[in-house]
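K.L.:
Supplied in structure tokens, the structure appears directly below.
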Amino acid sequence: MIRLLRVDDSFLYGKKALLWINATRAKVIVLIDNGLRFDYFAQSLLTMACPPQAELVFLDVEEARAAAGQYRNSRVLMVAGSFSQLLGLSPSLEGLVRVNVGSVRESSSDELQALKKLREQDMEFEICDLPEDVPVRLE
């Protein structure tokens with residue numbers, strides 16, 4: 001089961017990844033980002049900083065859309081790098097309505113439009129960097 005769906009352009013690594021893994025009991029972290037998918041240097045750095053109890057998977061949006069069904073029965077933390085990439089993934093996320101928002105630095109009109117379209121699909125967004133933080137609902 002997908003334990004957490006998150007938008008975070010810094011992805012998850014190190015202590016932050018460990019805290020989210022412990023809070024959700026996830027076994028797999030799926031990082032979804034078209035740019036990161038083939039950036040093997042960045043992948044190496046993120047892999048080195050990944051807690052040993054979790055498997056790290058790198059997918060682009062198309063691969064993640066195709067693989068979404070296989071992760072429904074796994075303990076997975078899914079992290080998309082942007083709202084527009086989450087929007088591209090959203091048709092395969094049927095039934096998931098809550099999205100956690102971490103670090104999102106890009107505020108282009110495309111990203112804001114993607115967020116608006118996601119909210120029109122009845123997705124709820126909460127801003128919460130760490131599991132112990134009190135989430136703030138995006139109204």
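In the structure tokens, chains take the letters A, B, ... in the order shown, each chain's residues start at 1, and ligands count up from 1 in the order shown.
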Using the chain letters and numbers from this document, which residues of chain A does DSSP assign to alpha helix (DSSP H), as a PyMOL selection string?
P.N.:
chain A and resi 14-24+40-48+61-71+83-89+109-120
K.L.:
With a distance cut-off of 7 Å and only C-alpha atoms, select the neighbouring residues of Cys50 (chain A), excluding the residue or stretch itself and same-chain residues fewer than 5 positions from it, and output the selection as a list in words.
P.N.:
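Contacts, with the query itself left out: Tyr13, Gly14 and Ala17 of chain A.
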K.L.:
Using N, CA and C atoms, can you write the selected residues to a file as a CSV table (one decimal), in the first residue's frame?
P.N.:
chain,number,residue,atom,x,y,z
A,13,TYR,N,16.2,11.9,1.7
A,13,TYR,CA,17.5,11.3,1.9
A,13,TYR,C,17.9,11.6,3.3
A,14,GLY,N,18.9,10.8,3.8
A,14,GLY,CA,19.4,11.0,5.1
A,14,GLY,C,18.4,10.9,6.2
A,17,ALA,N,14.7,11.1,5.3
A,17,ALA,CA,14.2,9.8,4.8
A,17,ALA,C,13.9,8.8,5.9
K.L.:
Might you pull out every residue within 10 Å of Asp122 (chain A), with only C-alpha atoms counted and same-chain residues fewer than 2 positions away left off, and present them as a ChimeraX atom specification?
P.N.:
/A:96-98,117-120,124-125
K.L.:
Can you pull out every residue from region 25-106 of chain A that DSSP, working from the backbone, puts in strand (DSSP E or B), and format the result as a list in words?
P.N.:
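Residues meeting the strand (DSSP E or B) criterion: Val28, Ile29, Val30, Leu31, Ile32, Glu55, Leu56, Val57, Phe58, Leu59, Val76, Leu77, Met78, Val79, Ala80, Arg98, Val99, Asn100 and Val101 of chain A.
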K.L.:
Could you work out how far CA of Ala49 (chain A) lies from CA of Leu36 (chain A), giving the answer in Å with one decimal?
P.N.:
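These two atoms are separated by 15.3 Å.
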K.L.:
So what do you get for CA of Ala26 (chain A) versus CA of Lys116 (chain A), distance-wise?
P.N.:
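Calculated distance between CA of Ala26 (chain A) and CA of Lys116 (chain A) is 28.6 Å.
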K.L.:
Just checking: using only C-alpha atoms, which residue out of A:Leu89, A:Val57, A:Ile32, A:Ala23 ends up closest to Ser44 (chain A)?
P.N.:
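Once distances to Ser44 (chain A) are computed over only C-alpha atoms, the minimum belongs to A:Val57.
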K.L.:
Excluding Val99 (chain A) and any residue of its chain fewer than 6 positions from it, enumerate the residues within 9 Å of it, using only C-alpha atoms, and give them as a PyMOL selection string.
P.N.:
chain A and resi 4-7+123-127
K.L.:
Could those selected residues go to a file with C-alpha atoms, as a PDB file, in the first residue's frame?
P.N.:
ATOM      1  CA  LEU A   4       2.765   8.398   1.688  1.00  0.00           C
ATOM      2  CA  LEU A   5       2.525  10.365  -1.528  1.00  0.00           C
ATOM      3  CA  ARG A   6       4.742  13.420  -1.358  1.00  0.00           C
ATOM      4  CA  VAL A   7       5.827  16.285  -3.582  1.00  0.00           C
ATOM      5  CA  MET A 123      -6.755  15.783  -3.911  1.00  0.00           C
ATOM      6  CA  GLU A 124      -6.058  17.223  -0.485  1.00  0.00           C
ATOM      7  CA  PHE A 125      -2.681  18.810   0.183  1.00  0.00           C
ATOM      8  CA  GLU A 126      -0.944  19.214   3.500  1.00  0.00           C
ATOM      9  CA  ILE A 127       2.350  20.968   4.053  1.00  0.00           C
TER      10      ILE A 127
END
K.L.:
Fewer than 6 positions away in the same chain doesn't count, so skip those; otherwise give me all residues within 12 Å of Arg3 (chain A), counting only C-alpha atoms, as a ChimeraX atom specification.
P.N.:
/A:20-30,71-79,96,98-100
K.L.:
So that I can check the surroundings of Glu132 (chain A), please list as number ranges by chain every protein, DNA and RNA residue that reaches within 9 Å of it, counting only C-alpha atoms and ignoring chain neighbours fewer than 3 positions away.
P.N.:
A: 19, 23, 128-129, 135
K.L.:
Those same residues - N, CA and C atoms - I'd like them written as a short mmCIF file (atom, residue, chain, number, x, y, z; two decimals), in the first residue's frame.
P.N.:
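Saved the output as result-v3.cif:
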data_model
loop_
_atom_site.label_atom_id
_atom_site.label_comp_id
_atom_site.auth_asym_id
_atom_site.auth_seq_id
_atom_site.Cartn_x
_atom_site.Cartn_y
_atom_site.Cartn_z
N LEU A 19 13.28 9.40 9.08
CA LEU A 19 12.11 9.78 9.87
C LEU A 19 10.80 9.38 9.18
N ALA A 23 8.09 6.58 10.36
CA ALA A 23 6.71 7.00 10.61
C ALA A 23 5.69 6.21 9.78
N CYS A 128 3.95 19.64 5.26
CA CYS A 128 4.54 19.03 6.45
C CYS A 128 5.92 18.50 6.06
N ASP A 129 6.96 19.12 6.56
CA ASP A 129 8.29 18.71 6.17
C ASP A 129 8.73 17.41 6.84
N PRO A 135 0.78 19.19 10.43
CA PRO A 135 0.51 19.50 9.03
C PRO A 135 -0.41 20.72 8.88
#
K.L.:
I want to know what sits within 10 Å of Leu93 (chain A), based on only C-alpha atoms, with residues of the same chain fewer than 5 positions away left out; could you give that as a list in words?
P.N.:
Ile2, Leu5, Arg65, Ala68, Gly69, Arg72, Leu86 and Leu87 of chain A
K.L.:
I'd like the interatomic distance between CA of Ser109 (chain A) and CA of Tyr40 (chain A), to a tenth of an Å.
P.N.:
29.0 Å
